[in-house]
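Peer 1: Just protein_20.txt, nothing more (compact mmCIF, C-alpha atoms):
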```txt
# COMPACT_ATOMS: atom_id res chain seq x y z
CA MET A 17 58.15 -30.23 -35.27
CA ARG A 18 56.50 -27.25 -36.94
CA SER A 19 53.40 -29.40 -37.65
CA ALA A 20 53.02 -30.15 -33.92
CA PHE A 21 53.41 -26.44 -33.10
CA VAL A 22 50.70 -25.51 -35.61
CA LYS A 23 48.35 -28.14 -34.15
CA ARG A 24 48.89 -26.82 -30.62
CA LEU A 25 48.27 -23.25 -31.83
CA ALA A 26 45.05 -24.33 -33.54
CA ALA A 27 43.87 -26.06 -30.32
CA VAL A 28 44.55 -22.93 -28.27
CA LEU A 29 42.68 -20.70 -30.73
CA LEU A 30 39.72 -23.11 -30.75
CA ALA A 31 39.60 -23.09 -26.93
CA LEU A 32 39.63 -19.28 -26.93
CA CYS A 33 36.70 -19.27 -29.38
CA LEU A 34 34.70 -21.57 -27.09
CA LEU A 35 35.46 -19.44 -24.04
CA ALA A 36 34.34 -16.31 -25.89
CA ALA A 37 31.05 -17.97 -26.80
CA LEU A 38 30.24 -19.25 -23.27
CA PRO A 39 29.10 -15.89 -21.74
CA THR A 40 26.43 -15.55 -24.45
CA THR A 41 24.52 -18.56 -23.13
CA GLY A 42 22.96 -16.36 -20.44
CA VAL A 43 21.47 -14.11 -23.13
CA PHE A 44 19.21 -16.90 -24.33
CA ALA A 45 18.33 -18.27 -20.88
CA ASP A 46 14.72 -18.24 -19.67
CA ASP A 47 14.53 -15.14 -17.49
CA GLU A 48 10.89 -15.54 -16.41
CA LYS A 49 10.43 -14.64 -12.76
CA LYS A 50 9.18 -17.18 -10.26
CA THR A 51 5.54 -16.73 -9.30
CA TYR A 52 3.20 -17.82 -6.51
CA THR A 53 -0.58 -18.12 -6.46
CA VAL A 54 -2.90 -16.65 -3.84
CA THR A 55 -6.28 -18.38 -4.03
CA PHE A 56 -9.33 -16.74 -2.47
CA SER A 57 -11.94 -19.45 -2.11
CA GLY A 58 -15.59 -18.65 -1.53
CA GLY A 59 -16.06 -21.74 0.55
CA GLU A 60 -19.60 -23.12 0.80
CA TYR A 61 -21.58 -19.90 0.30
CA GLY A 62 -19.07 -17.17 -0.55
CA VAL A 63 -19.46 -14.96 -3.64
CA PHE A 64 -16.89 -12.36 -4.76
CA SER A 65 -17.75 -9.02 -6.34
CA GLN A 66 -16.50 -8.07 -9.80
CA ALA A 67 -15.09 -4.86 -8.29
CA PHE A 68 -12.79 -6.95 -6.06
CA VAL A 69 -11.52 -8.90 -9.07
CA ASP A 70 -10.97 -5.75 -11.14
CA GLY A 71 -9.05 -4.08 -8.30
CA LEU A 72 -6.45 -6.86 -8.16
CA ASP A 73 -4.82 -5.56 -11.35
CA ASP A 74 -3.78 -2.42 -9.45
CA TYR A 75 -1.24 -4.35 -7.36
CA GLU A 76 2.37 -4.31 -8.53
CA GLY A 77 3.69 -7.77 -9.26
CA VAL A 78 0.32 -9.27 -10.22
CA VAL A 79 0.88 -11.39 -13.32
CA GLU A 80 -2.53 -12.95 -13.89
CA VAL A 81 -6.00 -13.12 -12.30
CA ASP A 82 -8.28 -16.11 -12.93
CA THR A 83 -11.80 -16.71 -11.65
CA ALA A 84 -14.17 -19.65 -11.37
CA LYS A 85 -17.94 -19.19 -11.48
CA LYS A 86 -20.91 -21.20 -10.29
CA GLY A 87 -24.44 -20.22 -11.22
CA GLY A 88 -23.12 -16.94 -12.64
CA ASN A 89 -21.40 -16.01 -9.34
CA ILE A 90 -17.64 -15.68 -8.86
CA VAL A 91 -16.81 -18.33 -6.25
CA THR A 92 -13.00 -18.57 -6.56
CA VAL A 93 -10.34 -15.99 -7.40
CA ALA A 94 -6.74 -17.08 -8.13
CA VAL A 95 -4.08 -14.35 -8.24
CA LYS A 96 -0.63 -15.15 -9.66
CA VAL A 97 2.02 -12.78 -8.27
CA GLU A 98 5.77 -12.48 -8.71
CA ALA A 99 7.93 -13.88 -5.91
CA GLY A 100 8.64 -11.22 -3.30
CA ALA A 101 5.82 -8.92 -4.46
CA ALA A 102 3.32 -7.57 -1.93
CA LEU A 103 0.35 -9.89 -1.51
CA PRO A 104 -3.08 -8.47 -2.38
CA ALA A 105 -5.36 -7.54 0.50
CA ALA A 106 -8.12 -9.92 1.46
CA PRO A 107 -11.64 -9.16 0.21
CA SER A 108 -13.69 -6.97 2.53
CA VAL A 109 -16.61 -8.70 4.24
CA ALA A 110 -18.11 -5.37 5.35
CA ALA A 111 -20.19 -3.24 3.00
CA ALA A 112 -19.07 0.30 2.22
CA GLN A 113 -21.56 3.13 2.41
CA GLY A 114 -23.74 2.94 -0.66
CA GLY A 115 -22.06 -0.24 -1.87
CA VAL A 116 -21.60 -3.95 -1.25
CA ALA A 117 -18.89 -6.04 0.37
CA ASP A 118 -16.20 -7.76 -1.72
CA LEU A 119 -17.20 -11.13 -0.25
CA THR A 120 -20.85 -11.93 0.53
CA SER A 121 -22.93 -15.03 1.23
CA ASN A 122 -25.45 -16.37 -1.29
CA ASN A 123 -27.32 -18.08 1.58
CA PRO A 124 -29.49 -15.65 3.58
CA ASP A 125 -29.27 -17.91 6.64
CA TYR A 126 -25.48 -17.48 6.84
CA GLY A 127 -23.27 -14.43 7.03
CA VAL A 128 -19.55 -14.11 6.24
CA LEU A 129 -17.53 -13.88 9.43
CA ASN A 130 -14.14 -13.32 7.78
CA ALA A 131 -12.19 -13.90 4.57
CA GLY A 132 -10.14 -16.75 6.00
CA ILE A 133 -7.81 -15.05 8.46
CA ALA A 134 -8.85 -17.44 11.25
CA SER A 135 -10.03 -20.43 9.25
CA GLY A 136 -8.48 -23.49 10.86
CA GLN A 137 -5.44 -24.84 9.03
CA ASN A 138 -5.18 -21.72 6.87
CA ALA A 139 -4.82 -19.37 9.86
CA ALA A 140 -1.02 -19.22 9.75
CA ASP A 141 -1.01 -18.67 6.00
CA ALA A 142 -3.61 -15.95 6.21
CA LEU A 143 -1.87 -14.09 9.03
CA HIS A 144 1.34 -14.07 7.00
CA ALA A 145 -0.43 -13.07 3.82
CA TYR A 146 -1.80 -9.75 5.00
CA GLY A 147 0.86 -7.12 4.59
CA GLY A 148 3.45 -9.74 3.69
CA ALA A 149 5.28 -10.71 0.53
CA ALA A 150 4.78 -13.67 -1.77
CA THR A 151 7.09 -16.46 -0.62
CA ARG A 152 4.76 -19.45 -1.23
CA ASN A 153 1.27 -20.32 -2.41
CA TYR A 154 -1.69 -19.36 -0.21
CA THR A 155 -5.31 -20.51 -0.01
CA LEU A 156 -7.85 -18.54 2.03
CA VAL A 157 -11.26 -20.06 2.86
CA PRO A 158 -13.85 -17.84 4.62
CA GLU A 159 -15.73 -18.67 7.79
CA PHE A 160 -19.50 -18.30 8.02
CA TYR A 161 -21.89 -17.88 10.92
CA LEU A 162 -25.59 -18.63 11.35
CA ALA A 163 -27.33 -15.29 10.93
CA ASN A 164 -30.09 -14.32 13.36
CA ASP A 165 -31.77 -11.25 14.81
CA SER A 166 -29.26 -10.99 17.64
CA ASP A 167 -26.33 -10.24 15.30
CA VAL A 168 -24.42 -7.08 16.14
CA GLU A 169 -23.71 -4.46 13.49
CA TYR A 170 -20.22 -2.98 13.50
CA MET A 171 -18.49 -0.16 11.64
CA VAL A 172 -15.04 0.15 10.05
CA ARG A 173 -13.67 3.65 9.40
CA PHE A 174 -10.68 4.88 7.36
CA LEU A 175 -9.42 8.23 8.65
CA VAL A 176 -6.41 10.53 8.41
CA THR A 177 -4.47 10.10 11.65
CA GLY A 178 -5.75 12.40 14.38
CA THR A 179 -8.64 13.76 12.30
CA GLU A 180 -12.17 12.90 11.19
CA THR A 181 -11.20 13.15 7.50
CA GLU A 182 -12.20 10.02 5.60
CA VAL A 183 -9.85 8.54 3.01
CA ALA A 184 -12.31 5.79 2.03
CA PRO A 185 -16.03 5.17 2.64
CA THR A 186 -17.07 3.78 6.01
CA GLN A 187 -17.98 0.09 5.95
CA PHE A 188 -20.64 -1.77 7.90
CA GLY A 189 -20.95 -5.45 8.72
CA LYS A 190 -22.60 -7.88 11.09
CA ALA A 191 -21.19 -10.56 13.38
CA PRO A 192 -22.48 -12.68 16.27
CA ASP A 193 -22.46 -11.07 19.69
CA ASP A 194 -19.25 -11.42 21.75
CA THR A 195 -17.01 -12.16 18.74
CA LEU A 196 -13.35 -11.24 18.30
CA LEU A 197 -13.49 -10.25 14.65
CA PRO A 198 -10.10 -10.23 12.82
CA MET A 199 -9.46 -7.03 10.86
CA ALA A 200 -7.36 -7.69 7.75
CA GLU A 201 -5.28 -4.81 6.46
CA PRO A 202 -7.35 -3.10 3.75
CA ALA A 203 -6.41 -2.59 0.13
CA PRO A 204 -4.07 0.36 -0.55
CA VAL A 205 -5.62 3.83 -0.77
CA ASP A 206 -4.26 6.19 -3.41
CA GLU A 207 -2.09 9.00 -2.02
CA TYR A 208 -2.27 7.64 1.54
CA THR A 209 -0.13 5.25 3.60
CA LEU A 210 -1.55 3.00 6.30
CA ASP A 211 -0.22 4.01 9.74
CA LEU A 212 -0.16 0.75 11.70
CA ALA A 213 1.17 2.31 14.90
CA ALA A 214 -1.60 4.91 14.93
CA THR A 215 -4.15 2.25 14.02
CA ARG A 216 -3.15 0.14 17.02
CA ALA A 217 -3.27 3.18 19.31
CA ALA A 218 -6.70 4.24 18.05
CA ASN A 219 -8.14 0.79 18.75
CA GLY A 220 -6.28 0.04 21.99
CA ILE A 221 -4.24 -2.80 20.52
CA ALA A 222 -0.73 -3.46 21.80
CA GLU A 223 2.19 -3.77 19.41
CA GLY A 224 2.54 -7.31 18.09
CA ASP A 225 -1.07 -8.26 18.83
CA PRO A 226 -3.39 -9.09 15.90
CA LEU A 227 -5.79 -6.46 14.63
CA VAL A 228 -9.21 -7.49 15.98
CA LEU A 229 -12.53 -5.85 16.81
CA ASN A 230 -14.43 -7.01 19.88
CA VAL A 231 -18.00 -7.19 18.59
CA VAL A 232 -20.22 -6.83 21.64
CA LYS A 233 -23.83 -5.65 21.69
CA GLY A 234 -24.15 -2.45 23.69
CA GLU A 235 -25.43 1.08 23.59
CA GLU A 236 -22.85 2.09 20.99
CA MET A 237 -21.95 0.39 17.74
CA PRO A 238 -18.52 -1.35 17.80
CA VAL A 239 -16.07 0.64 15.65
CA PHE A 240 -12.66 -0.19 14.24
CA THR A 241 -10.56 2.67 12.83
CA PHE A 242 -7.75 2.38 10.29
CA CYS A 243 -5.44 5.41 10.38
CA TYR A 244 -3.58 6.85 7.40
CA THR A 245 -0.94 9.47 6.72
CA GLN A 246 -1.25 11.66 3.66
CA ASN A 247 1.43 11.41 0.98
CA VAL A 248 3.02 14.78 0.17
CA HIS A 249 4.85 15.66 -3.05
CA VAL A 250 7.18 18.67 -2.91
CA ASN A 251 8.36 20.36 -6.09
CA THR A 252 10.88 23.19 -5.56
CA GLU A 253 11.44 25.68 -8.38
CA TYR A 254 14.11 28.40 -8.36
CA ILE A 255 13.57 31.53 -10.44
CA TYR A 256 16.51 33.90 -10.90
CA GLU A 257 15.75 37.60 -11.11
CA GLU A 258 17.84 40.73 -11.59
CA GLY A 259 19.54 42.18 -8.55
CA GLY A 260 20.65 38.87 -7.08
CA THR A 261 17.17 37.86 -5.85
CA ILE A 262 16.04 34.28 -6.02
CA VAL A 263 12.36 33.38 -5.78
CA ASN A 264 12.01 29.96 -4.17
CA TYR A 265 8.63 28.33 -4.80
CA ASN A 266 7.81 25.17 -2.87
CA ASP A 267 4.73 23.55 -4.36
CA VAL A 268 3.35 21.02 -1.89
CA THR A 269 0.92 18.84 -3.80
CA LEU A 270 -1.81 17.27 -1.71
CA VAL A 271 -4.51 14.72 -2.52
CA GLY A 272 -7.11 15.77 -5.03
CA GLY A 273 -4.81 18.24 -6.78
CA ALA A 274 -4.78 20.74 -3.92
CA GLY A 275 -1.55 22.62 -3.45
CA VAL A 276 0.21 24.99 -1.11
CA THR A 277 2.72 27.39 -2.61
CA GLY A 278 5.54 28.79 -0.52
CA GLY A 279 7.71 31.82 -1.29
CA GLY A 280 6.53 35.40 -1.76
CA ALA A 281 6.66 37.50 -4.88
CA GLY A 282 9.86 39.14 -3.73
CA GLY A 283 11.47 35.87 -2.86
CA GLU A 284 14.45 35.39 -0.62
CA ALA A 285 17.24 37.99 -0.88
CA ILE A 286 20.67 36.40 -1.02
CA PRO A 287 23.94 38.35 -0.83
CA GLU A 288 25.44 38.83 -4.26
CA GLU A 289 28.58 36.87 -3.41
CA GLU A 290 26.41 33.89 -2.46
CA THR A 291 23.96 34.18 -5.31
CA PRO A 292 24.07 31.28 -7.76
CA GLN A 293 24.26 32.65 -11.27
CA ALA A 294 21.87 31.64 -13.99
CA GLY A 295 24.71 29.93 -15.78
CA GLY A 296 25.84 28.09 -12.66
CA GLU A 297 28.88 28.48 -10.41
CA SER A 298 31.89 30.36 -11.80
CA ILE A 299 34.81 27.96 -12.26
CA PRO A 300 38.41 28.91 -13.09
CA GLU A 301 39.12 28.46 -16.78
CA GLU A 302 41.61 25.70 -16.22
CA GLU A 303 38.93 23.73 -14.33
CA THR A 304 36.05 24.52 -16.63
CA PRO A 305 34.57 21.43 -18.32
CA GLN A 306 34.49 21.89 -22.08
CA ALA A 307 31.35 21.59 -24.13
CA GLY A 308 32.56 18.32 -25.51
CA GLY A 309 33.25 16.89 -22.04
CA GLU A 310 36.48 16.33 -20.16
CA THR A 311 39.53 15.46 -22.25
CA ILE A 312 40.75 11.98 -21.40
CA PRO A 313 44.09 10.56 -22.55
CA GLU A 314 43.49 8.17 -25.40
CA GLU A 315 44.71 5.18 -23.43
CA GLU A 316 42.15 5.94 -20.68
CA ILE A 317 39.11 6.44 -22.90
CA PRO A 318 36.46 3.90 -21.82
CA GLN A 319 35.36 1.75 -24.70
CA VAL A 320 31.73 1.08 -25.52
CA GLU A 321 30.49 -2.27 -24.28
CA PRO A 322 29.54 -4.59 -27.14
CA ALA A 323 25.99 -4.96 -25.83
CA ALA A 324 25.40 -1.20 -25.96
CA ALA A 325 27.12 -0.36 -29.24
CA GLY A 326 24.58 1.23 -31.53
CA GLY A 327 21.96 -1.43 -30.91
CA LEU A 328 24.01 -4.15 -32.63
CA ASN A 329 22.93 -7.73 -32.19
CA LEU A 330 25.19 -9.36 -29.59
CA PRO A 331 25.00 -12.95 -30.96
CA LEU A 332 25.83 -11.70 -34.48
CA MET A 333 28.85 -9.78 -33.20
CA ILE A 334 30.14 -12.80 -31.33
CA GLY A 335 29.51 -14.99 -34.36
CA GLY A 336 31.49 -12.55 -36.49
CA ALA A 337 34.36 -12.64 -34.01
CA VAL A 338 34.42 -16.44 -34.13
CA VAL A 339 34.45 -16.38 -37.93
CA LEU A 340 37.31 -13.86 -37.85
CA VAL A 341 39.35 -16.08 -35.51
CA LEU A 342 38.72 -19.11 -37.71
CA ALA A 343 39.82 -17.10 -40.75
CA VAL A 344 43.05 -16.16 -38.97
CA LEU A 345 43.54 -19.80 -38.07
CA LEU A 346 43.14 -20.85 -41.71
CA LEU A 347 45.67 -18.23 -42.80
CA ILE A 348 48.17 -19.56 -40.24
CA LEU A 349 47.67 -23.12 -41.43
CA ALA A 350 48.02 -22.06 -45.06
CA ALA A 351 51.23 -20.16 -44.30
CA ALA A 352 52.65 -23.13 -42.43
CA ARG A 353 51.78 -25.47 -45.29
CA LYS A 354 53.35 -23.13 -47.82
CA ARG A 355 56.48 -22.94 -45.70
CA ARG A 356 56.75 -26.72 -45.48
CA THR A 357 56.31 -26.98 -49.24
CA ALA A 358 59.06 -24.43 -49.83
CA GLU A 359 61.41 -26.27 -47.46
CA GLY A 360 60.71 -29.53 -49.29
CA ASN A 361 61.52 -27.98 -52.61
CA GLU A 362 64.82 -26.66 -51.29
CA GLU A 363 65.82 -30.15 -50.13
```
Starting from the file, lay out its structure as structure tokens.
Peer 2:
Amino acid sequence: MRSAFVKRLAAVLLALCLLAALPTTGVFADDEKKTYTVTFSGGEYGVFSQAFVDGLDDYEGVVEVDTAKKGGNIVTVAVKVEAGAALPAAPSVAAAQGGVADLTSNNPDYGVLNAGIASGQNAADALHAYGGAATRNYTLVPEFYLANDSDVEYMVRFLVTGTETEVAPTQFGKAPDDTLLPMAEPAPVDEYTLDLAATRAANGIAEGDPLVLNVVKGEEMPVFTFCYTQNVHVNTEYIYEEGGTIVNYNDVTLVGGAGVTGGGAGGEAIPEEETPQAGGESIPEEETPQAGGETIPEEEIPQVEPAAAGGLNLPLMIGGAVVLVLAVLLLILAAARKRRTAEGNEE
């Protein structure tokens, strides 16, 4: 009878050991995030600039950037990004002032019309890619046009909303006359945020319609304007002075390190009864937190989680616990055996 009881007890203890070990399996699981690949193909004549490739590392979520070359030129760029991360902007096909475009043609008879935003079967992918998040793999193949003397030059500007202040150099490109040229959202600009609503208004594009530039030869050069709002960082500092005066400085940090400081030398006068003291608000003694923290009854003191205890190794701790349980089990079995032996001797 006692032997059966001991066996059942041992089985229960063994089951508890297994249950205790199960949660640790997640610690050793492969936690690599899922990734997708955005492939920018150069198509038949397309060549990518090294500056475009180098700039891809600035995007959050980019895991790896690979390139393929032909004749010393970069003809394919593959960008591996984490699932859900913002997709990188398409390469620019217009040249910035004093520079070159991200995607150019190595055939002088053909120009680059776009980076793939309207390229046949990839159109839907490309439209989703710009400004979207990585939810699948994408491949963008550019379109080319036969260059000739009748091509129309156009201009792309990047301005602070409602001003003539540039946030990035103006770009110039060429396209055939009477062309609806898709305008992909540009790469992010440091300290500025693209204002899509203002961009649509500036170019006469209704909400929901694609961003396009109607390239038509005329007296004026066709222009597309991207509008941006300036990021502002506010740092408020309170300085306590004698006499109950508080000087409130609001440092508004603008782009380029410029700053606007608010608050005069005298600061704002606050009635003494409303003036925060340097040491903080006065609290009745019975409510005052002690230096060592609030006193908590021993039975309510939260215990330290095993994973956070002094940097101990979680698998080793669990292994130690299992060994301890097995040791207890052996002691129980030994005691039971000793008891049976003693009973036998008495008989």
Peer 1: Could you tell me which of A:Leu156, A:Met237, A:Leu210, A:Leu340 comes closest to Asp193 of chain A if we count all atoms listed in the file?
Peer 2: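 Closest to Asp193 of chain A of all the choices is A:Met237.
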Peer 1: If I take atom CA of Gly71 of chain A and atom CA of Thr177 of chain A, how far is one from the other in Å, to one decimal?
Peer 2: 24.9 Å
Peer 1: Go through A:Val157, A:Val128, A:Val183, A:Val63 one by one, measure the shortest atom-to-atom distance of each to Lys86 of chain A using all atoms listed in the file, and give the residue with the smallest value.
Peer 2: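 Counting all atoms listed in the file, the residue closest to Lys86 of chain A is A:Val63.
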Peer 1: Neighbours of Thr195 of chain A within 7 Å (only C-alpha atoms; same-chain residues fewer than 6 positions away dropped), as JSON, numbers by chain?
Peer 2: {"A": [230, 231, 232]}
Peer 1: So, with all atoms listed in the file as the atoms that count, which of A:Pro192, A:Lys96, A:Tyr154, A:Ala163 lies closest to Asn123 of chain A?
Peer 2: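 Distance minimum relative to Asn123 of chain A lands on A:Ala163.
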Peer 1: Could you jot down the atom CA of Leu229 of chain A to atom CA of Leu197 of chain A separation for me, Å, one decimal place?
Peer 2: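 So the two atoms, atom CA of Leu229 of chain A and atom CA of Leu197 of chain A, lie 5.0 Å apart.
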Peer 1: Measuring atom to atom with only C-alpha atoms, identify which of A:Gly178, A:Pro158, A:Pro238, A:Gly77 is nearest to Asp194 of chain A.
Peer 2: A:Pro238
Peer 1: Between A:Ala217, A:Val172, A:Leu212, A:Ala200, which residue has the minimum interatomic distance to Ala112 of chain A, considering only C-alpha atoms?
Peer 2: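 The shortest atom-to-atom distance to Ala112 of chain A comes from A:Val172.
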Peer 1: Please indicate the distance in Å from atom CA of Phe56 of chain A to atom CA of Val97 of chain A, rounded to one decimal place.
Peer 2: 13.3 Å
Peer 1: Which is closer to Ala94 of chain A than all the others in A:Val205, A:Val116, A:Ser57, A:Ala106, using all atoms listed in the file?
Peer 2: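 The answer is A:Ser57, which sits nearest to Ala94 of chain A.
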